[in-house]
Amino acid sequence: ITQKAEWVDSISQMRRKLDTLNGRKDALLGEFSKIELKYQSMAINVQNEHLANVQQFNTESGHIHERFEPQFAENRAARQRNEHDIQVAAESVLAAIRSERDQAISQEAHWNSIVINPPADLTAVEALEKKHTDMSLLRDEMRVDQGTRRKLDEQKAQTGRAYAEQEAILNELHERTEGVETKIQRLLTHLDPDKDSLLHFLRTNKPDWPANIAKVIREDVLTMNGLSPSIEDGASSLYGVSLELTRLDGTLCADEAVLQDQIASRRIEQEMLHKNIEEAEHLLEQCNKRRMAADTALSQHDAEIAKLLARETTLKTEESAARQAVDASKKKIKQDAERNLATVRESRQACDQKIREANELLASTQRACEKKHEDIEKSLK
C-alpha cells in the first residue's frame, strides 16, 4: 500500500512536469513562428536584392558586350586566322614529311623484297645461261656422236668378221692348193720315178708288173730308193703263196695313162684354185681396206669424242665459275640491299619522329595561340 501511495504521488508530479513541458513547448513554438516569419521576410528581401543585382549586371553586361563585341569578334577572327595559318603550315610540313615517309616505306618494301629474294647480275645470268646453252648443245652433239660410234663399232665388227671370214676362205684355198700340189708331186713322182726306185725298175724290167706285182705292193715301197731290186727265177707266187691276182685292183702307179689324166685333172684344179686364191686375196685386200677404214674412222671419231669430252670438262669448269659469279652477284646485291634497307628504315624512323615532333609542335602552338587569345579576351573583360 505504501508503494502504491508513492506511485500515486509520482503520477501527480509527472503530470505537473508534463504541464510545465507543454508550456515550454508552446512558448518555443511561438518563438519559432516569429523566427520563420522573420526568415521568410529576409529571404524575400535577399531575393529582391539579387534580382535587382542581376538586372543591373545584365544591363551593365549588355553595355560591356556592346562596347567590346567588335574587339571580341576581331579577336575570334584573328584566332581563327592564326589557327588556320598554323594548321596550313603544319599540314604543309606534315605532308612533306609524310611524302618522305611514304617514299621511305616504299623503298623499305623494295629493299626488303630484294633481301628476301636477291636477284643476280644480268651479265652474270646471261653468261650462265650461255654456258647452259653451250653445254646442252655439246651434250646433244655427244649423244649424236655416241650413236655414230655405236654404228662405227658395228661397222668395225662387221668388217672384222668379213675380213676373218675371207681370210679363212683364203687359208682354206691355200690348204687345198697345197693338198693339190702335194698330190701332183706324188703323181709326178709316180709317173717319173727315180732311177733307183722299185717302180722305175719294174717299168723297165717287168712290163707285166701291173698285172701282178702292182696289186700286192704298197705305193710308198714302189717309190722308195735303196731297195736294190733285181729279177730272179721263181714260180709265179709271192713268197710261196699263190694268189688269184685278177680279183685285185692294181695300184695307181701301174697305169701311166691314168697317172697322166690324174695329173692333168689336178693341174686344172690347181689353176682354178690359183684363180680363186687371186680373187680371194683381192677380196681380202678389199675387206682389209674396209676394216682399216672402219678402224681409222673409229679412231678419228674417238679423237673427236675426246675433244668433246675435253670441251665438256672445260664447259663444266666455266659453268661452275659462272654459277659462282651469279651466286656472288646475288650475295653482293643482298648485302647492298641490306645496307639500303637499314638506311631507309632509319629514314622512316626519322620521318616518324619528325611527324611526332610536328604534331607536338602543332598542338603546343595551338595551345599557345588559344592561351594568347584567352588572355586577350580576359583583358577585354
# chains A, B, ... in the order shown; residues from 1 in each chain; ligands from 1
$ residues_around --residues "stretch 310-315 of chain A" --least-positions-apart "3" --cutoff "12 Å" --atoms "only C-alpha atoms" --output "PyMOL selection string"
chain A and resi 127-128+130-142+303-307+318-323
$ select_by_dssp --residues "stretch 73-304 of chain A" --states "helix (DSSP H, G or I)" --output "NGL selection string"
:A and (73-116 or 122-191 or 198-205 or 209-211 or 213-215 or 219-222 or 245-247 or 252-254 or 256-304)
$ closest_residue --among "A:Ser329, A:Gln270, A:Asn340, A:Thr223" --to "A:Thr182" --atoms "only C-alpha atoms"
A:Gln270
$ residues_around --residues "A:Cys351" --least-positions-apart "5" --cutoff "12 Å" --atoms "only C-alpha atoms" --output "CSV table (one decimal) with N, CA, C and O atoms, in the first residue's frame"
chain,number,residue,atom,x,y,z
A,93,VAL,N,54.1,21.1,-93.8
A,93,VAL,CA,55.2,20.4,-93.3
A,93,VAL,C,55.0,18.9,-93.1
A,93,VAL,O,55.8,18.0,-93.5
A,94,LEU,N,53.8,18.5,-92.5
A,94,LEU,CA,53.4,17.1,-92.3
A,94,LEU,C,53.3,16.4,-93.7
A,94,LEU,O,53.7,15.2,-93.8
A,95,ALA,N,52.7,17.1,-94.7
A,95,ALA,CA,52.6,16.5,-96.0
A,95,ALA,C,53.9,16.1,-96.6
A,95,ALA,O,54.1,15.0,-97.1
A,96,ALA,N,54.9,17.1,-96.5
A,96,ALA,CA,56.2,16.8,-97.0
A,96,ALA,C,56.9,15.6,-96.2
A,96,ALA,O,57.5,14.8,-96.8
A,97,ILE,N,56.7,15.6,-94.9
A,97,ILE,CA,57.3,14.6,-94.1
A,97,ILE,C,56.6,13.2,-94.4
A,97,ILE,O,57.3,12.2,-94.5
A,98,ARG,N,55.3,13.3,-94.5
A,98,ARG,CA,54.5,12.0,-94.9
A,98,ARG,C,54.9,11.5,-96.2
A,98,ARG,O,55.1,10.3,-96.5
A,99,SER,N,55.1,12.4,-97.2
A,99,SER,CA,55.6,12.0,-98.5
A,99,SER,C,56.9,11.4,-98.5
A,99,SER,O,57.2,10.3,-99.1
A,100,GLU,N,57.8,12.0,-97.7
A,100,GLU,CA,59.2,11.4,-97.5
A,100,GLU,C,59.0,10.0,-96.8
A,100,GLU,O,59.7,9.1,-97.1
A,101,ARG,N,58.1,9.9,-95.8
A,101,ARG,CA,57.9,8.7,-95.1
A,101,ARG,C,57.4,7.6,-96.0
A,101,ARG,O,57.8,6.4,-96.0
A,102,ASP,N,56.4,8.0,-96.8
A,102,ASP,CA,55.8,7.0,-97.8
A,102,ASP,C,56.8,6.5,-98.8
A,102,ASP,O,56.9,5.3,-99.1
A,103,GLN,N,57.7,7.5,-99.2
A,103,GLN,CA,58.8,7.0,-100.1
A,103,GLN,C,59.7,6.1,-99.4
A,103,GLN,O,60.2,5.1,-100.0
A,104,ALA,N,60.0,6.4,-98.1
A,104,ALA,CA,60.9,5.5,-97.4
A,104,ALA,C,60.3,4.2,-97.2
A,104,ALA,O,60.9,3.1,-97.3
A,105,ILE,N,58.9,4.1,-96.9
A,105,ILE,CA,58.2,2.8,-96.7
A,105,ILE,C,58.3,2.0,-98.0
A,105,ILE,O,58.5,0.8,-98.1
A,344,VAL,N,67.0,3.2,-95.2
A,344,VAL,CA,65.6,3.6,-95.4
A,344,VAL,C,64.8,3.4,-94.1
A,344,VAL,O,63.9,4.2,-93.8
A,345,ARG,N,65.1,2.4,-93.3
A,345,ARG,CA,64.4,2.2,-92.1
A,345,ARG,C,64.8,3.3,-91.1
A,345,ARG,O,63.9,3.9,-90.4
A,346,GLU,N,66.1,3.7,-91.1
A,346,GLU,CA,66.4,4.9,-90.3
A,346,GLU,C,65.7,6.1,-90.8
A,346,GLU,O,65.3,7.0,-90.0
A,356,ARG,N,55.9,13.1,-85.2
A,356,ARG,CA,55.5,13.2,-83.8
A,356,ARG,C,55.9,14.6,-83.3
A,356,ARG,O,55.1,15.3,-82.6
A,357,GLU,N,57.1,15.1,-83.7
A,357,GLU,CA,57.6,16.4,-83.2
A,357,GLU,C,56.7,17.5,-83.8
A,357,GLU,O,56.3,18.5,-83.2
A,358,ALA,N,56.3,17.3,-85.1
A,358,ALA,CA,55.5,18.3,-85.8
A,358,ALA,C,54.1,18.3,-85.2
A,358,ALA,O,53.5,19.4,-85.0
$ atom_distance --atom1 "atom CA of A:Ser10" --atom2 "atom CA of A:Asn22"
18.1 Å
$ residues_around --residues "stretch 164-174 of chain A" --least-positions-apart "3" --cutoff "6 Å" --atoms "only C-alpha atoms" --output "ChimeraX atom specification"
/A:161,177-178,280,284
$ closest_residue --among "A:Asp153, A:Glu360, A:Asp261, A:Glu338" --to "A:Ala297" --atoms "only C-alpha atoms"
A:Asp153
$ closest_residue --among "A:Asn212, A:Gln146, A:Gln262, A:Asn205" --to "A:His190" --atoms "only C-alpha atoms"
A:Gln262
$ atom_distance --atom1 "atom CA of A:Val216" --atom2 "atom CA of A:Lys183"
21.8 Å
$ atom_distance --atom1 "atom CA of A:Lys334" --atom2 "atom CA of A:Asn112"
9.4 Å
$ residues_around --residues "A:Trp111" --least-positions-apart "3" --cutoff "8 Å" --atoms "only C-alpha atoms" --output "NGL selection string"
:A and (107-108 or 114-115 or 337-338 or 340-341)
